[in-house]
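> You'll find data.pdb just under this line, and it carries PDB, C-alpha atoms.
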```pdb
ATOM      1  CA  GLN A   1     -13.871  10.386 -25.747  1.00  0.00           C
ATOM      2  CA  VAL A   2     -14.047   7.021 -27.468  1.00  0.00           C
ATOM      3  CA  GLN A   3     -17.024   5.091 -26.202  1.00  0.00           C
ATOM      4  CA  LEU A   4     -18.817   1.829 -26.872  1.00  0.00           C
ATOM      5  CA  VAL A   5     -22.402   1.409 -25.764  1.00  0.00           C
ATOM      6  CA  GLU A   6     -24.167  -1.931 -25.798  1.00  0.00           C
ATOM      7  CA  SER A   7     -27.923  -2.408 -25.825  1.00  0.00           C
ATOM      8  CA  GLY A   8     -30.505  -5.098 -26.378  1.00  0.00           C
ATOM      9  CA  GLY A   9     -29.990  -7.275 -23.358  1.00  0.00           C
ATOM     10  CA  GLY A  10     -32.772  -8.453 -21.110  1.00  0.00           C
ATOM     11  CA  LEU A  11     -34.700 -11.409 -19.787  1.00  0.00           C
ATOM     12  CA  VAL A  12     -35.696 -14.108 -22.254  1.00  0.00           C
ATOM     13  CA  GLN A  13     -37.113 -17.596 -21.925  1.00  0.00           C
ATOM     14  CA  PRO A  14     -35.094 -20.640 -22.954  1.00  0.00           C
ATOM     15  CA  GLY A  15     -35.340 -21.119 -26.695  1.00  0.00           C
ATOM     16  CA  GLY A  16     -35.894 -17.423 -27.269  1.00  0.00           C
ATOM     17  CA  SER A  17     -33.890 -14.875 -29.230  1.00  0.00           C
ATOM     18  CA  LEU A  18     -32.214 -11.547 -28.593  1.00  0.00           C
ATOM     19  CA  ARG A  19     -30.300  -9.099 -30.714  1.00  0.00           C
ATOM     20  CA  LEU A  20     -27.535  -7.101 -29.091  1.00  0.00           C
ATOM     21  CA  SER A  21     -26.179  -3.884 -30.548  1.00  0.00           C
ATOM     22  CA  CYS A  22     -22.953  -2.021 -29.894  1.00  0.00           C
ATOM     23  CA  SER A  23     -22.319   1.499 -31.137  1.00  0.00           C
ATOM     24  CA  LEU A  24     -19.014   3.324 -31.339  1.00  0.00           C
ATOM     25  CA  SER A  25     -18.690   7.073 -30.831  1.00  0.00           C
ATOM     26  CA  GLY A  26     -16.019   9.662 -30.179  1.00  0.00           C
ATOM     27  CA  THR A  27     -13.542   8.719 -32.892  1.00  0.00           C
ATOM     28  CA  ILE A  28     -13.039   9.225 -36.606  1.00  0.00           C
ATOM     29  CA  PHE A  29     -11.055   6.016 -36.908  1.00  0.00           C
ATOM     30  CA  ASN A  30     -12.574   2.703 -37.901  1.00  0.00           C
ATOM     31  CA  PRO A  31     -11.936  -0.344 -35.772  1.00  0.00           C
ATOM     32  CA  THR A  32      -9.671  -3.031 -37.175  1.00  0.00           C
ATOM     33  CA  ALA A  33     -11.324  -5.770 -35.163  1.00  0.00           C
ATOM     34  CA  MET A  34     -14.499  -6.140 -33.174  1.00  0.00           C
ATOM     35  CA  GLY A  35     -16.195  -8.752 -31.141  1.00  0.00           C
ATOM     36  CA  TRP A  36     -18.538  -9.867 -28.429  1.00  0.00           C
ATOM     37  CA  TYR A  37     -17.462 -11.432 -25.170  1.00  0.00           C
ATOM     38  CA  ARG A  38     -19.393 -12.567 -22.155  1.00  0.00           C
ATOM     39  CA  GLN A  39     -18.793 -13.137 -18.493  1.00  0.00           C
ATOM     40  CA  ALA A  40     -20.993 -15.231 -16.256  1.00  0.00           C
ATOM     41  CA  PRO A  41     -20.849 -14.954 -12.450  1.00  0.00           C
ATOM     42  CA  GLY A  42     -17.767 -16.689 -11.109  1.00  0.00           C
ATOM     43  CA  LYS A  43     -16.373 -17.373 -14.564  1.00  0.00           C
ATOM     44  CA  GLU A  44     -13.764 -15.784 -16.779  1.00  0.00           C
ATOM     45  CA  ARG A  45     -14.662 -13.586 -19.694  1.00  0.00           C
ATOM     46  CA  GLU A  46     -14.914 -15.633 -22.871  1.00  0.00           C
ATOM     47  CA  LEU A  47     -15.109 -14.997 -26.585  1.00  0.00           C
ATOM     48  CA  VAL A  48     -18.559 -15.254 -28.115  1.00  0.00           C
ATOM     49  CA  ALA A  49     -17.909 -13.995 -31.645  1.00  0.00           C
ATOM     50  CA  ALA A  50     -15.415 -11.748 -33.394  1.00  0.00           C
ATOM     51  CA  MET A  51     -14.406 -10.429 -36.796  1.00  0.00           C
ATOM     52  CA  ALA A  52     -11.377  -8.570 -38.074  1.00  0.00           C
ATOM     53  CA  GLY A  53     -10.332  -6.846 -41.279  1.00  0.00           C
ATOM     54  CA  GLY A  54     -11.466  -8.773 -44.316  1.00  0.00           C
ATOM     55  CA  GLY A  55     -11.669 -12.068 -42.537  1.00  0.00           C
ATOM     56  CA  GLY A  56     -14.725 -14.074 -41.717  1.00  0.00           C
ATOM     57  CA  PRO A  57     -16.305 -14.296 -38.290  1.00  0.00           C
ATOM     58  CA  VAL A  58     -14.940 -16.491 -35.549  1.00  0.00           C
ATOM     59  CA  TYR A  59     -17.228 -18.013 -32.944  1.00  0.00           C
ATOM     60  CA  GLY A  60     -16.674 -19.460 -29.538  1.00  0.00           C
ATOM     61  CA  ASP A  61     -17.755 -23.039 -29.013  1.00  0.00           C
ATOM     62  CA  SER A  62     -20.863 -21.999 -27.104  1.00  0.00           C
ATOM     63  CA  ALA A  63     -22.072 -19.711 -29.885  1.00  0.00           C
ATOM     64  CA  GLU A  64     -21.422 -21.852 -32.942  1.00  0.00           C
ATOM     65  CA  GLY A  65     -24.604 -22.434 -34.902  1.00  0.00           C
ATOM     66  CA  ARG A  66     -26.804 -20.263 -32.691  1.00  0.00           C
ATOM     67  CA  PHE A  67     -25.268 -16.781 -32.727  1.00  0.00           C
ATOM     68  CA  THR A  68     -24.369 -14.490 -35.611  1.00  0.00           C
ATOM     69  CA  ILE A  69     -22.128 -11.439 -35.517  1.00  0.00           C
ATOM     70  CA  SER A  70     -22.615  -8.698 -38.079  1.00  0.00           C
ATOM     71  CA  ARG A  71     -21.743  -5.048 -38.580  1.00  0.00           C
ATOM     72  CA  GLU A  72     -22.817  -1.907 -40.332  1.00  0.00           C
ATOM     73  CA  ARG A  73     -20.841  -0.857 -43.406  1.00  0.00           C
ATOM     74  CA  ASP A  74     -19.206   1.989 -41.534  1.00  0.00           C
ATOM     75  CA  TRP A  75     -17.902  -0.408 -38.887  1.00  0.00           C
ATOM     76  CA  LYS A  76     -19.326   1.828 -36.161  1.00  0.00           C
ATOM     77  CA  THR A  77     -22.096  -0.540 -35.075  1.00  0.00           C
ATOM     78  CA  ILE A  78     -22.002  -4.267 -34.575  1.00  0.00           C
ATOM     79  CA  TYR A  79     -24.687  -6.760 -33.698  1.00  0.00           C
ATOM     80  CA  LEU A  80     -24.998 -10.144 -32.100  1.00  0.00           C
ATOM     81  CA  GLN A  81     -28.077 -12.081 -33.094  1.00  0.00           C
ATOM     82  CA  MET A  82     -28.718 -14.886 -30.651  1.00  0.00           C
ATOM     83  CA  HIS A  83     -31.154 -17.733 -31.207  1.00  0.00           C
ATOM     84  CA  ASN A  84     -32.142 -20.784 -29.190  1.00  0.00           C
ATOM     85  CA  LEU A  85     -30.882 -19.210 -25.996  1.00  0.00           C
ATOM     86  CA  LYS A  86     -30.105 -21.467 -23.068  1.00  0.00           C
ATOM     87  CA  PRO A  87     -29.877 -20.768 -19.323  1.00  0.00           C
ATOM     88  CA  GLU A  88     -26.104 -21.211 -19.585  1.00  0.00           C
ATOM     89  CA  ASP A  89     -26.009 -18.217 -21.930  1.00  0.00           C
ATOM     90  CA  THR A  90     -26.860 -16.011 -18.963  1.00  0.00           C
ATOM     91  CA  ALA A  91     -24.036 -13.504 -18.605  1.00  0.00           C
ATOM     92  CA  VAL A  92     -23.006  -9.921 -19.072  1.00  0.00           C
ATOM     93  CA  TYR A  93     -22.196  -9.426 -22.735  1.00  0.00           C
ATOM     94  CA  PHE A  94     -19.438  -7.000 -23.639  1.00  0.00           C
ATOM     95  CA  CYS A  95     -18.536  -5.426 -26.926  1.00  0.00           C
ATOM     96  CA  LYS A  96     -14.887  -4.821 -27.807  1.00  0.00           C
ATOM     97  CA  MET A  97     -13.324  -2.952 -30.686  1.00  0.00           C
ATOM     98  CA  VAL A  98      -9.676  -2.519 -31.553  1.00  0.00           C
ATOM     99  CA  ILE A  99      -8.936   1.029 -32.650  1.00  0.00           C
ATOM    100  CA  ARG A 100      -5.405   2.071 -33.597  1.00  0.00           C
ATOM    101  CA  GLY A 101      -4.067  -0.914 -31.707  1.00  0.00           C
ATOM    102  CA  LYS A 102      -5.970  -0.224 -28.506  1.00  0.00           C
ATOM    103  CA  ASP A 103      -8.737  -2.353 -27.030  1.00  0.00           C
ATOM    104  CA  ILE A 104     -11.892  -0.416 -26.291  1.00  0.00           C
ATOM    105  CA  TRP A 105     -14.540  -2.113 -24.162  1.00  0.00           C
ATOM    106  CA  GLY A 106     -18.139  -1.299 -23.527  1.00  0.00           C
ATOM    107  CA  ARG A 107     -19.704  -1.551 -20.073  1.00  0.00           C
ATOM    108  CA  GLY A 108     -21.763  -4.575 -20.977  1.00  0.00           C
ATOM    109  CA  THR A 109     -25.397  -5.555 -21.175  1.00  0.00           C
ATOM    110  CA  GLN A 110     -27.023  -8.237 -19.055  1.00  0.00           C
ATOM    111  CA  VAL A 111     -28.608 -11.230 -20.752  1.00  0.00           C
ATOM    112  CA  THR A 112     -30.655 -13.529 -18.545  1.00  0.00           C
ATOM    113  CA  VAL A 113     -32.165 -16.727 -19.896  1.00  0.00           C
ATOM    114  CA  SER A 114     -34.732 -18.119 -17.514  1.00  0.00           C
ATOM    115  CA  SER A 115     -38.257 -19.434 -17.422  1.00  0.00           C
TER     116      SER A 115
END
```
Starting from the coordinates I provided, produce the structure as structure tokens.

Amino acid sequence: QVQLVESGGGLVQPGGSLRLSCSLSGTIFNPTAMGWYRQAPGKERELVAAMAGGGGPVYGDSAEGRFTISRERDWKTIYLQMHNLKPEDTAVYFCKMVIRGKDIWGRGTQVTVSS
């Protein structure tokens, strides 16, 4: 069974940093695209950062300049390094990979930014 598992979330003070990880298992196929999304209470899910094929990363407005998406060479693990976190970054962060044309989502990891 194809599965994505996120980790690295938690409680952090404003201005702090976190690094999220997302690992893929259950398939021999590499993803063709991958990304991080987030959903805050009462809001729609939004793009944080994504990358596909040989292209460069794309960032949502809220992440530009503060967050960095990266991946392992085998494409099976991706990361989201977050710096200068703000209370408005509080959300559940989801990993998504596109494998053979199908979107695979993780269950999410909670990030809470609060003093």
> Tyr59 in chain A: which residues within 7 Å, counting all atoms listed in the file, same-chain residues fewer than 2 positions away excluded, as a PyMOL selection string?
chain A and resi 48-50+57+61+63-64
> Give me the residues within 8 Å of Arg66 in chain A as a PyMOL selection string, counting only C-alpha atoms and dropping any in the same chain fewer than 6 places off.
chain A and resi 82-85
> Could you give me, as a list in words, the residues within 6 Å of Val98 in chain A, counting all atoms listed in the file and dropping anything in the same chain fewer than 2 positions from it?
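Listed by chain and then number, they are Pro31, Thr32, Ala33, Gly101, Lys102 and Asp103 of chain A.
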> Determine the residue set returned by the PyMOL selection byres ((chain A and resi 108) around 12) for the present structure, and present it as a PDB file with C-alpha atoms, keeping the file's coordinate frame.

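Now in selection29.pdb:
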```pdb
ATOM      1  CA  GLN A   3     -17.024   5.091 -26.202  1.00  0.00           C
ATOM      2  CA  LEU A   4     -18.817   1.829 -26.872  1.00  0.00           C
ATOM      3  CA  VAL A   5     -22.402   1.409 -25.764  1.00  0.00           C
ATOM      4  CA  GLU A   6     -24.167  -1.931 -25.798  1.00  0.00           C
ATOM      5  CA  SER A   7     -27.923  -2.408 -25.825  1.00  0.00           C
ATOM      6  CA  GLY A   8     -30.505  -5.098 -26.378  1.00  0.00           C
ATOM      7  CA  GLY A   9     -29.990  -7.275 -23.358  1.00  0.00           C
ATOM      8  CA  GLY A  10     -32.772  -8.453 -21.110  1.00  0.00           C
ATOM      9  CA  LEU A  20     -27.535  -7.101 -29.091  1.00  0.00           C
ATOM     10  CA  SER A  21     -26.179  -3.884 -30.548  1.00  0.00           C
ATOM     11  CA  CYS A  22     -22.953  -2.021 -29.894  1.00  0.00           C
ATOM     12  CA  SER A  23     -22.319   1.499 -31.137  1.00  0.00           C
ATOM     13  CA  TRP A  36     -18.538  -9.867 -28.429  1.00  0.00           C
ATOM     14  CA  TYR A  37     -17.462 -11.432 -25.170  1.00  0.00           C
ATOM     15  CA  ARG A  38     -19.393 -12.567 -22.155  1.00  0.00           C
ATOM     16  CA  GLN A  39     -18.793 -13.137 -18.493  1.00  0.00           C
ATOM     17  CA  ALA A  40     -20.993 -15.231 -16.256  1.00  0.00           C
ATOM     18  CA  ARG A  45     -14.662 -13.586 -19.694  1.00  0.00           C
ATOM     19  CA  ALA A  91     -24.036 -13.504 -18.605  1.00  0.00           C
ATOM     20  CA  VAL A  92     -23.006  -9.921 -19.072  1.00  0.00           C
ATOM     21  CA  TYR A  93     -22.196  -9.426 -22.735  1.00  0.00           C
ATOM     22  CA  PHE A  94     -19.438  -7.000 -23.639  1.00  0.00           C
ATOM     23  CA  CYS A  95     -18.536  -5.426 -26.926  1.00  0.00           C
ATOM     24  CA  LYS A  96     -14.887  -4.821 -27.807  1.00  0.00           C
ATOM     25  CA  ILE A 104     -11.892  -0.416 -26.291  1.00  0.00           C
ATOM     26  CA  TRP A 105     -14.540  -2.113 -24.162  1.00  0.00           C
ATOM     27  CA  GLY A 106     -18.139  -1.299 -23.527  1.00  0.00           C
ATOM     28  CA  ARG A 107     -19.704  -1.551 -20.073  1.00  0.00           C
ATOM     29  CA  THR A 109     -25.397  -5.555 -21.175  1.00  0.00           C
ATOM     30  CA  GLN A 110     -27.023  -8.237 -19.055  1.00  0.00           C
ATOM     31  CA  VAL A 111     -28.608 -11.230 -20.752  1.00  0.00           C
TER      32      VAL A 111
END
```
> Have a look at A:Val2, A:Val113, A:Met97, A:Leu47 and name the one nearest to Ser25 in chain A; count all atoms listed in the file.
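Of A:Val2, A:Val113, A:Met97, A:Leu47, the one nearest Ser25 in chain A, counting all atoms listed in the file, is A:Val2.
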> Kindly give the distance, in Å, that separates CA of Arg71 in chain A and CA of Gly16 in chain A, rounded to a single decimal.
21.9 Å
> Counting all atoms listed in the file, figure out which residue out of A:Lys76, A:Gly42, A:Gly35, A:Pro14 gets nearest to Gly56 in chain A.
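Among the listed residues, the smallest separation from Gly56 in chain A belongs to A:Gly35.
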> Take CA of Gln1 in chain A and CA of Gly26 in chain A and report the distance between them in Å, one decimal.
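Separation between CA of Gln1 in chain A and CA of Gly26 in chain A: 5.0 Å.
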> How far is it from CA of Phe67 in chain A to CA of Asn30 in chain A, in Å with one decimal?
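CA of Phe67 in chain A sits 23.8 Å away from CA of Asn30 in chain A.
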> Go through A:Ile28, A:Val58, A:Ala52, A:Leu18 one by one, measure the shortest atom-to-atom distance of each to Tyr79 in chain A using only C-alpha atoms, and give the residue with the smallest value.
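Of A:Ile28, A:Val58, A:Ala52, A:Leu18, the one nearest Tyr79 in chain A, counting only C-alpha atoms, is A:Leu18.
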> Please write out, as AutoDock Vina command-line options, where the centre of an axis-aligned box around all listed atoms of range 17-31 of chain A lies and how long its edges are, in Å to one decimal, after adding 3 Å on each side.

```
--center_x -22.5 --center_y -2.6 --center_z -33.2 --size_x 28.8 --size_y 30.5 --size_z 15.3
```
> Using only C-alpha atoms, find all polymer residues with an atom at most 9 Å away from the point (-38.3, -12.8, -19.6); report them as a VMD selection string.
chain A and resid 10 to 13 112 to 115
> Point out the residue among A:Ile99, A:Trp75, A:Ser17, A:Asp89 with the least atom-to-atom distance to Glu46 in chain A, counting all atoms listed in the file.
A:Asp89
> Could you tell me which of A:Met34, A:Ser62, A:Arg19, A:Glu44 comes closest to Pro87 in chain A if we count all atoms listed in the file?
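Result for the nearest residue to Pro87 in chain A: A:Ser62.
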> Please reconstruct the missing atoms of range 21-32 of chain A (target: all heavy atoms) and return them as an mmCIF file, in the coordinates of the input.

```cif
data_model
loop_
_atom_site.group_PDB
_atom_site.id
_atom_site.type_symbol
_atom_site.label_atom_id
_atom_site.label_comp_id
_atom_site.auth_asym_id
_atom_site.auth_seq_id
_atom_site.Cartn_x
_atom_site.Cartn_y
_atom_site.Cartn_z
ATOM 1 N N SER A 21 -26.809 -4.895 -29.704
ATOM 2 C CA SER A 21 -26.179 -3.884 -30.548
ATOM 3 C C SER A 21 -25.057 -3.217 -29.774
ATOM 4 O O SER A 21 -25.098 -3.129 -28.551
ATOM 5 C CB SER A 21 -27.191 -2.816 -30.967
ATOM 6 O OG SER A 21 -28.263 -3.365 -31.682
ATOM 7 N N CYS A 22 -24.078 -2.738 -30.510
ATOM 8 C CA CYS A 22 -22.953 -2.021 -29.894
ATOM 9 C C CYS A 22 -22.573 -0.890 -30.835
ATOM 10 O O CYS A 22 -22.247 -1.129 -32.002
ATOM 11 C CB CYS A 22 -21.781 -2.958 -29.678
ATOM 12 S SG CYS A 22 -20.274 -2.139 -29.123
ATOM 13 N N SER A 23 -22.608 0.334 -30.311
ATOM 14 C CA SER A 23 -22.319 1.499 -31.137
ATOM 15 C C SER A 23 -21.078 2.218 -30.652
ATOM 16 O O SER A 23 -20.900 2.425 -29.445
ATOM 17 C CB SER A 23 -23.504 2.459 -31.116
ATOM 18 O OG SER A 23 -24.627 1.868 -31.724
ATOM 19 N N LEU A 24 -20.263 2.621 -31.604
ATOM 20 C CA LEU A 24 -19.014 3.324 -31.339
ATOM 21 C C LEU A 24 -19.201 4.825 -31.564
ATOM 22 O O LEU A 24 -19.816 5.230 -32.551
ATOM 23 C CB LEU A 24 -17.923 2.807 -32.273
ATOM 24 C CG LEU A 24 -16.581 3.536 -32.301
ATOM 25 C CD1 LEU A 24 -15.854 3.378 -30.979
ATOM 26 C CD2 LEU A 24 -15.739 3.047 -33.463
ATOM 27 N N SER A 25 -18.653 5.622 -30.659
ATOM 28 C CA SER A 25 -18.690 7.073 -30.831
ATOM 29 C C SER A 25 -17.401 7.679 -30.317
ATOM 30 O O SER A 25 -16.629 7.036 -29.610
ATOM 31 C CB SER A 25 -19.884 7.679 -30.089
ATOM 32 O OG SER A 25 -19.772 7.443 -28.697
ATOM 33 N N GLY A 26 -17.156 8.930 -30.706
ATOM 34 C CA GLY A 26 -16.019 9.662 -30.179
ATOM 35 C C GLY A 26 -14.716 9.481 -30.930
ATOM 36 O O GLY A 26 -13.659 9.882 -30.428
ATOM 37 N N THR A 27 -14.762 8.900 -32.120
ATOM 38 C CA THR A 27 -13.542 8.719 -32.892
ATOM 39 C C THR A 27 -13.859 8.771 -34.380
ATOM 40 O O THR A 27 -14.945 8.379 -34.793
ATOM 41 C CB THR A 27 -12.849 7.386 -32.563
ATOM 42 O OG1 THR A 27 -11.653 7.272 -33.363
ATOM 43 C CG2 THR A 27 -13.745 6.206 -32.843
ATOM 44 N N ILE A 28 -12.869 9.226 -35.155
ATOM 45 C CA ILE A 28 -13.039 9.225 -36.606
ATOM 46 C C ILE A 28 -12.426 7.984 -37.224
ATOM 47 O O ILE A 28 -12.554 7.751 -38.417
ATOM 48 C CB ILE A 28 -12.384 10.471 -37.226
ATOM 49 C CG1 ILE A 28 -10.875 10.479 -36.966
ATOM 50 C CG2 ILE A 28 -13.041 11.750 -36.709
ATOM 51 C CD1 ILE A 28 -10.132 11.560 -37.718
ATOM 52 N N PHE A 29 -11.748 7.197 -36.411
ATOM 53 C CA PHE A 29 -11.055 6.016 -36.908
ATOM 54 C C PHE A 29 -11.963 4.797 -36.875
ATOM 55 O O PHE A 29 -12.752 4.619 -35.951
ATOM 56 C CB PHE A 29 -9.801 5.748 -36.084
ATOM 57 C CG PHE A 29 -8.802 6.860 -36.131
ATOM 58 C CD1 PHE A 29 -8.676 7.760 -35.076
ATOM 59 C CD2 PHE A 29 -7.993 7.032 -37.241
ATOM 60 C CE1 PHE A 29 -7.769 8.799 -35.133
ATOM 61 C CE2 PHE A 29 -7.079 8.060 -37.306
ATOM 62 C CZ PHE A 29 -6.964 8.954 -36.248
ATOM 63 N N ASN A 30 -11.817 3.954 -37.881
ATOM 64 C CA ASN A 30 -12.574 2.703 -37.901
ATOM 65 C C ASN A 30 -11.848 1.635 -37.096
ATOM 66 O O ASN A 30 -10.611 1.594 -37.095
ATOM 67 C CB ASN A 30 -12.762 2.213 -39.327
ATOM 68 C CG ASN A 30 -13.800 3.016 -40.077
ATOM 69 O OD1 ASN A 30 -14.596 3.736 -39.481
ATOM 70 N ND2 ASN A 30 -13.802 2.891 -41.386
ATOM 71 N N PRO A 31 -12.587 0.768 -36.464
ATOM 72 C CA PRO A 31 -11.936 -0.344 -35.772
ATOM 73 C C PRO A 31 -11.336 -1.331 -36.768
ATOM 74 O O PRO A 31 -11.822 -1.462 -37.900
ATOM 75 C CB PRO A 31 -13.068 -0.984 -34.977
ATOM 76 C CG PRO A 31 -14.318 -0.529 -35.633
ATOM 77 C CD PRO A 31 -14.030 0.763 -36.288
ATOM 78 N N THR A 32 -10.279 -1.999 -36.349
ATOM 79 C CA THR A 32 -9.671 -3.031 -37.175
ATOM 80 C C THR A 32 -10.141 -4.422 -36.774
ATOM 81 O O THR A 32 -9.916 -5.387 -37.502
ATOM 82 C CB THR A 32 -8.145 -2.972 -37.072
ATOM 83 O OG1 THR A 32 -7.775 -2.999 -35.679
ATOM 84 C CG2 THR A 32 -7.610 -1.689 -37.696
#
```
